[in-house]
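**Student:** Here it is, the structure in full.
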Amino acid sequence: MKPNERDEDAVLSGVLRAWSPKAELPARFPAGVWRRIADADAGSGFWATIRQWLEVRVNRPAVAGVFVAALMGLGVTTGYWHARRDSAQTESALQARYLQSVDPFLPARP
Amino acid sequence: MNTKRLLVTALAGLAIAALGYYAAYSVGTARCRSMCQSPAPDLAWLKQEFHLGDAEFQRVVALHEAYRPACQDRCRLIDAKNAELRARLLQTGAVTPEVERALAEAAGLRRNCQTAMLKHFVEVSRAMPPAQGRRYLEWICGQTLSPAHAAMMAGAGSVHVHEPAGH
(Lines give C-alpha, C1' and ligand atoms only; values in the text may rest on other atoms or scores of the structure.)
Protein backbone atom coordinates (compact mmCIF):
# COMPACT_ATOMS: atom_id res chain seq x y z
CA MET A 1 0.00 0.00 0.00
CA LYS A 2 1.29 3.46 -0.98
CA PRO A 3 1.44 6.27 1.63
CA ASN A 4 -1.22 8.24 -0.23
CA GLU A 5 -3.66 5.36 -0.17
CA ARG A 6 -3.02 4.83 3.56
CA ASP A 7 -3.97 8.47 4.26
CA GLU A 8 -7.27 8.13 2.31
CA ASP A 9 -8.09 4.94 4.17
CA ALA A 10 -7.64 6.71 7.50
CA VAL A 11 -9.92 9.55 6.42
CA LEU A 12 -12.61 7.08 5.30
CA SER A 13 -12.33 5.24 8.58
CA GLY A 14 -12.78 8.50 10.45
CA VAL A 15 -15.87 9.41 8.43
CA LEU A 16 -17.41 5.99 8.98
CA ARG A 17 -16.79 6.20 12.75
CA ALA A 18 -18.39 9.64 12.89
CA TRP A 19 -21.54 8.51 10.93
CA SER A 20 -24.56 7.38 12.87
CA PRO A 21 -27.96 6.56 11.19
CA LYS A 22 -30.85 8.87 12.00
CA ALA A 23 -33.67 6.60 10.66
CA GLU A 24 -36.77 6.12 12.88
CA LEU A 25 -38.75 2.90 13.24
CA PRO A 26 -42.23 2.91 11.74
CA ALA A 27 -45.20 3.33 14.10
CA ARG A 28 -46.25 0.16 16.02
CA PHE A 29 -43.12 -1.60 14.77
CA PRO A 30 -42.75 -3.76 17.92
CA ALA A 31 -46.46 -4.77 17.81
CA GLY A 32 -46.04 -5.80 14.20
CA VAL A 33 -43.01 -7.90 15.08
CA TRP A 34 -44.91 -9.64 17.87
CA ARG A 35 -47.87 -10.24 15.62
CA ARG A 36 -45.67 -11.84 13.02
CA ILE A 37 -44.09 -14.03 15.68
CA ALA A 38 -47.59 -15.03 16.90
CA ASP A 39 -48.68 -15.71 13.33
CA ALA A 40 -45.70 -17.92 12.77
CA ASP A 41 -46.50 -19.81 16.00
CA ALA A 42 -50.17 -20.22 15.01
CA GLY A 43 -49.32 -22.15 11.85
CA SER A 44 -50.20 -21.51 8.28
CA GLY A 45 -53.33 -23.68 7.67
CA PHE A 46 -56.57 -22.44 6.12
CA TRP A 47 -58.30 -21.75 9.43
CA ALA A 48 -55.20 -20.11 10.85
CA THR A 49 -55.18 -17.79 7.86
CA ILE A 50 -58.87 -17.00 8.34
CA ARG A 51 -58.35 -16.40 12.02
CA GLN A 52 -55.40 -14.11 11.38
CA TRP A 53 -57.39 -12.23 8.78
CA LEU A 54 -60.30 -11.81 11.20
CA GLU A 55 -58.05 -10.83 14.07
CA VAL A 56 -56.42 -8.12 12.06
CA ARG A 57 -59.79 -6.72 10.95
CA VAL A 58 -61.82 -7.15 14.13
CA ASN A 59 -59.05 -5.29 15.89
CA ARG A 60 -60.40 -2.17 14.22
CA PRO A 61 -63.44 -0.86 16.13
CA ALA A 62 -65.25 0.24 12.99
CA VAL A 63 -64.98 -3.21 11.43
CA ALA A 64 -66.05 -4.88 14.68
CA GLY A 65 -69.07 -2.56 14.82
CA VAL A 66 -70.06 -3.43 11.26
CA PHE A 67 -69.65 -7.13 12.06
CA VAL A 68 -71.91 -6.90 15.14
CA ALA A 69 -74.47 -4.78 13.28
CA ALA A 70 -74.53 -7.29 10.43
CA LEU A 71 -75.18 -10.13 12.87
CA MET A 72 -77.97 -8.14 14.51
CA GLY A 73 -79.49 -7.45 11.10
CA LEU A 74 -79.30 -11.15 10.28
CA GLY A 75 -81.01 -12.03 13.57
CA VAL A 76 -83.79 -9.47 13.11
CA THR A 77 -84.39 -10.50 9.49
CA THR A 78 -84.53 -14.20 10.36
CA GLY A 79 -86.85 -13.53 13.30
CA TYR A 80 -89.13 -11.40 11.15
CA TRP A 81 -89.23 -14.05 8.42
CA HIS A 82 -90.01 -16.86 10.87
CA ALA A 83 -92.69 -14.73 12.52
CA ARG A 84 -94.34 -14.08 9.17
CA ARG A 85 -94.29 -17.75 8.26
CA ASP A 86 -95.67 -18.88 11.64
CA SER A 87 -98.30 -16.13 11.69
CA ALA A 88 -99.49 -17.10 8.22
CA GLN A 89 -99.78 -20.74 9.32
CA THR A 90 -101.69 -19.79 12.47
CA GLU A 91 -104.05 -17.50 10.58
CA SER A 92 -104.68 -20.19 7.99
CA ALA A 93 -105.48 -22.70 10.76
CA LEU A 94 -107.87 -20.26 12.47
CA GLN A 95 -109.57 -19.49 9.16
CA ALA A 96 -110.09 -23.23 8.55
CA ARG A 97 -111.43 -23.59 12.08
CA TYR A 98 -113.96 -20.82 11.55
CA LEU A 99 -115.10 -22.34 8.27
CA GLN A 100 -115.49 -25.75 9.94
CA SER A 101 -117.57 -24.15 12.67
CA VAL A 102 -120.09 -22.64 10.25
CA ASP A 103 -120.10 -25.08 7.35
CA PRO A 104 -120.66 -28.71 8.31
CA PHE A 105 -120.42 -29.78 4.67
CA LEU A 106 -116.79 -28.80 4.35
CA PRO A 107 -114.44 -31.76 4.36
CA ALA A 108 -112.23 -31.87 7.45
CA ARG A 109 -108.81 -30.38 6.74
CA PRO A 110 -105.66 -32.04 8.00
CA MET B 1 -54.92 -10.56 22.89
CA ASN B 2 -56.26 -10.35 19.35
CA THR B 3 -57.83 -13.79 19.63
CA LYS B 4 -59.55 -12.81 22.84
CA ARG B 5 -60.91 -9.66 21.26
CA LEU B 6 -62.11 -11.67 18.26
CA LEU B 7 -63.86 -14.11 20.57
CA VAL B 8 -65.52 -11.35 22.58
CA THR B 9 -66.68 -9.61 19.42
CA ALA B 10 -68.05 -12.84 17.96
CA LEU B 11 -69.91 -13.69 21.18
CA ALA B 12 -71.31 -10.18 21.46
CA GLY B 13 -72.43 -10.38 17.82
CA LEU B 14 -74.13 -13.73 18.37
CA ALA B 15 -75.85 -12.52 21.54
CA ILE B 16 -77.12 -9.40 19.76
CA ALA B 17 -78.26 -11.53 16.81
CA ALA B 18 -80.19 -13.81 19.18
CA LEU B 19 -81.76 -10.80 20.88
CA GLY B 20 -82.69 -9.31 17.51
CA TYR B 21 -84.25 -12.61 16.44
CA TYR B 22 -86.26 -12.90 19.65
CA ALA B 23 -87.45 -9.29 19.48
CA ALA B 24 -88.48 -9.52 15.82
CA TYR B 25 -90.20 -12.87 16.33
CA SER B 26 -92.06 -11.64 19.42
CA VAL B 27 -93.27 -8.50 17.69
CA GLY B 28 -94.15 -10.39 14.50
CA THR B 29 -96.23 -13.06 16.26
CA ALA B 30 -97.82 -10.84 18.92
CA ARG B 31 -101.08 -10.50 17.00
CA CYS B 32 -101.41 -14.25 16.45
CA ARG B 33 -100.55 -15.03 20.06
CA SER B 34 -103.20 -12.59 21.17
CA MET B 35 -105.79 -14.28 18.91
CA CYS B 36 -104.84 -17.76 20.09
CA GLN B 37 -105.14 -16.74 23.73
CA SER B 38 -108.63 -15.33 23.27
CA PRO B 39 -111.65 -17.48 24.31
CA ALA B 40 -112.69 -18.04 20.67
CA PRO B 41 -109.59 -17.89 18.47
CA ASP B 42 -111.50 -18.48 15.23
CA LEU B 43 -113.81 -15.54 15.93
CA ALA B 44 -110.83 -13.45 17.03
CA TRP B 45 -109.35 -14.19 13.62
CA LEU B 46 -112.63 -13.04 12.00
CA LYS B 47 -112.50 -9.81 13.99
CA GLN B 48 -108.97 -9.11 12.92
CA GLU B 49 -109.43 -10.17 9.30
CA PHE B 50 -112.54 -8.05 8.74
CA HIS B 51 -111.45 -5.13 10.92
CA LEU B 52 -114.45 -5.33 13.25
CA GLY B 53 -114.99 -2.90 16.07
CA ASP B 54 -115.98 -4.17 19.50
CA ALA B 55 -119.72 -3.58 19.00
CA GLU B 56 -119.73 -5.25 15.58
CA PHE B 57 -117.73 -8.13 16.95
CA GLN B 58 -120.19 -8.62 19.81
CA ARG B 59 -123.04 -8.84 17.29
CA VAL B 60 -121.11 -11.38 15.22
CA VAL B 61 -120.33 -13.44 18.33
CA ALA B 62 -124.01 -13.38 19.35
CA LEU B 63 -125.06 -14.55 15.87
CA HIS B 64 -122.41 -17.26 15.91
CA GLU B 65 -123.47 -18.50 19.33
CA ALA B 66 -127.11 -18.61 18.28
CA TYR B 67 -126.28 -20.41 15.05
CA ARG B 68 -124.03 -23.15 16.41
CA PRO B 69 -126.50 -25.16 18.57
CA ALA B 70 -129.16 -25.13 15.83
CA CYS B 71 -126.51 -26.19 13.31
CA GLN B 72 -125.49 -29.07 15.57
CA ASP B 73 -129.14 -30.16 15.89
CA ARG B 74 -129.49 -30.21 12.10
CA CYS B 75 -126.25 -32.18 11.79
CA ARG B 76 -127.59 -34.76 14.25
CA LEU B 77 -130.79 -35.10 12.19
CA ILE B 78 -128.80 -35.52 8.97
CA ASP B 79 -126.55 -38.14 10.58
CA ALA B 80 -129.59 -40.04 11.88
CA LYS B 81 -131.26 -39.92 8.47
CA ASN B 82 -128.07 -41.10 6.76
CA ALA B 83 -127.83 -44.00 9.21
CA GLU B 84 -131.45 -44.93 8.47
CA LEU B 85 -130.78 -44.70 4.73
CA ARG B 86 -127.70 -46.91 5.02
CA ALA B 87 -129.58 -49.48 7.10
CA ARG B 88 -132.48 -49.62 4.63
CA LEU B 89 -130.18 -49.93 1.64
CA LEU B 90 -128.15 -52.72 3.27
CA GLN B 91 -131.33 -54.47 4.41
CA THR B 92 -132.99 -54.55 1.01
CA GLY B 93 -129.94 -54.46 -1.29
CA ALA B 94 -131.96 -52.32 -3.71
CA VAL B 95 -133.15 -48.75 -4.14
CA THR B 96 -136.68 -49.36 -2.95
CA PRO B 97 -139.36 -46.67 -2.60
CA GLU B 98 -138.54 -46.55 1.14
CA VAL B 99 -134.90 -45.91 0.32
CA GLU B 100 -135.89 -43.22 -2.16
CA ARG B 101 -138.13 -41.60 0.45
CA ALA B 102 -135.33 -41.66 3.04
CA LEU B 103 -132.99 -40.20 0.42
CA ALA B 104 -135.42 -37.37 -0.30
CA GLU B 105 -135.77 -36.68 3.42
CA ALA B 106 -131.98 -36.61 3.85
CA ALA B 107 -131.71 -34.22 0.91
CA GLY B 108 -134.40 -32.04 2.46
CA LEU B 109 -132.50 -31.91 5.74
CA ARG B 110 -129.29 -30.99 3.95
CA ARG B 111 -131.12 -28.29 2.02
CA ASN B 112 -132.54 -26.87 5.25
CA CYS B 113 -129.09 -26.96 6.78
CA GLN B 114 -127.53 -25.16 3.83
CA THR B 115 -130.33 -22.59 3.74
CA ALA B 116 -129.80 -21.82 7.43
CA MET B 117 -126.06 -21.58 6.82
CA LEU B 118 -126.47 -19.09 3.97
CA LYS B 119 -128.93 -17.05 6.06
CA HIS B 120 -126.35 -16.99 8.83
CA PHE B 121 -123.68 -15.74 6.42
CA VAL B 122 -125.96 -12.93 5.26
CA GLU B 123 -126.78 -11.98 8.86
CA VAL B 124 -123.10 -11.95 9.80
CA SER B 125 -122.23 -9.85 6.75
CA ARG B 126 -124.95 -7.35 7.74
CA ALA B 127 -123.51 -7.11 11.24
CA MET B 128 -120.26 -5.88 9.71
CA PRO B 129 -119.46 -2.49 8.17
CA PRO B 130 -120.87 -2.55 4.60
CA ALA B 131 -117.56 -2.88 2.76
CA GLN B 132 -116.28 -5.57 5.10
CA GLY B 133 -119.66 -7.32 4.99
CA ARG B 134 -119.46 -7.53 1.22
CA ARG B 135 -115.92 -8.83 1.45
CA TYR B 136 -116.97 -11.40 4.05
CA LEU B 137 -119.86 -12.61 1.92
CA GLU B 138 -117.65 -12.92 -1.15
CA TRP B 139 -115.04 -14.79 0.83
CA ILE B 140 -117.40 -17.15 2.66
CA CYS B 141 -119.35 -17.94 -0.51
CA GLY B 142 -116.08 -18.61 -2.31
CA GLN B 143 -115.08 -21.01 0.46
CA THR B 144 -118.39 -22.81 0.93
CA LEU B 145 -119.96 -22.70 -2.51
CA SER B 146 -116.84 -23.35 -4.55
CA PRO B 147 -116.94 -26.16 -7.11
CA ALA B 148 -116.70 -29.35 -5.09
CA HIS B 149 -116.94 -31.71 -8.01
CA ALA B 150 -114.02 -30.55 -10.10
CA ALA B 151 -112.66 -34.07 -10.54
CA MET B 152 -116.07 -35.38 -11.61
CA MET B 153 -116.66 -32.49 -13.99
CA ALA B 154 -113.22 -32.63 -15.62
CA GLY B 155 -113.77 -33.52 -19.26
CA ALA B 156 -117.53 -33.46 -18.82
CA GLY B 157 -117.75 -30.59 -21.29
CA SER B 158 -117.02 -32.96 -24.16
CA VAL B 159 -119.99 -35.15 -23.19
CA HIS B 160 -122.55 -32.73 -21.81
CA VAL B 161 -122.48 -29.27 -23.29
CA HIS B 162 -124.90 -27.11 -21.35
CA GLU B 163 -125.88 -24.24 -23.57
CA PRO B 164 -127.86 -21.45 -21.97
CA ALA B 165 -131.51 -21.80 -22.93
CA GLY B 166 -132.45 -19.26 -25.51
CA HIS B 167 -135.59 -17.29 -24.78
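FYI, nothing fancy with the C-alpha coordinates labels: chains A, B, ... in order, residues from 1 per chain, ligands from 1 as they appear.
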Write down as JSON, numbers by chain the residues of chain A whose backbone DSSP state falls under alpha helix (DSSP H).
**Tutor:** {"A": [3, 4, 5, 6, 7, 8, 9, 10, 11, 12, 13, 14, 15, 16, 17, 18, 29, 30, 31, 32, 33, 34, 35, 36, 37, 38, 39, 40, 41, 42, 46, 47, 48, 49, 50, 51, 52, 53, 54, 55, 56, 57, 58, 61, 62, 63, 64, 65, 66, 67, 68, 69, 70, 71, 72, 73, 74, 75, 76, 77, 78, 79, 80, 81, 82, 83, 84, 85, 86, 87, 88, 89, 90, 91, 92, 93, 94, 95, 96, 97, 98, 99, 100, 101, 102]}
**Student:** When you get a sec, could you note down which chain B residues fall within 9 Å of chain A, using only C-alpha atoms, as an MDAnalysis selection string?
**Tutor:** chainID B and resid 2:3 5:6 9:10 12:33 36 41:46 64 67:68 71:72 75 110 113:114 117 120:121 140 143:144
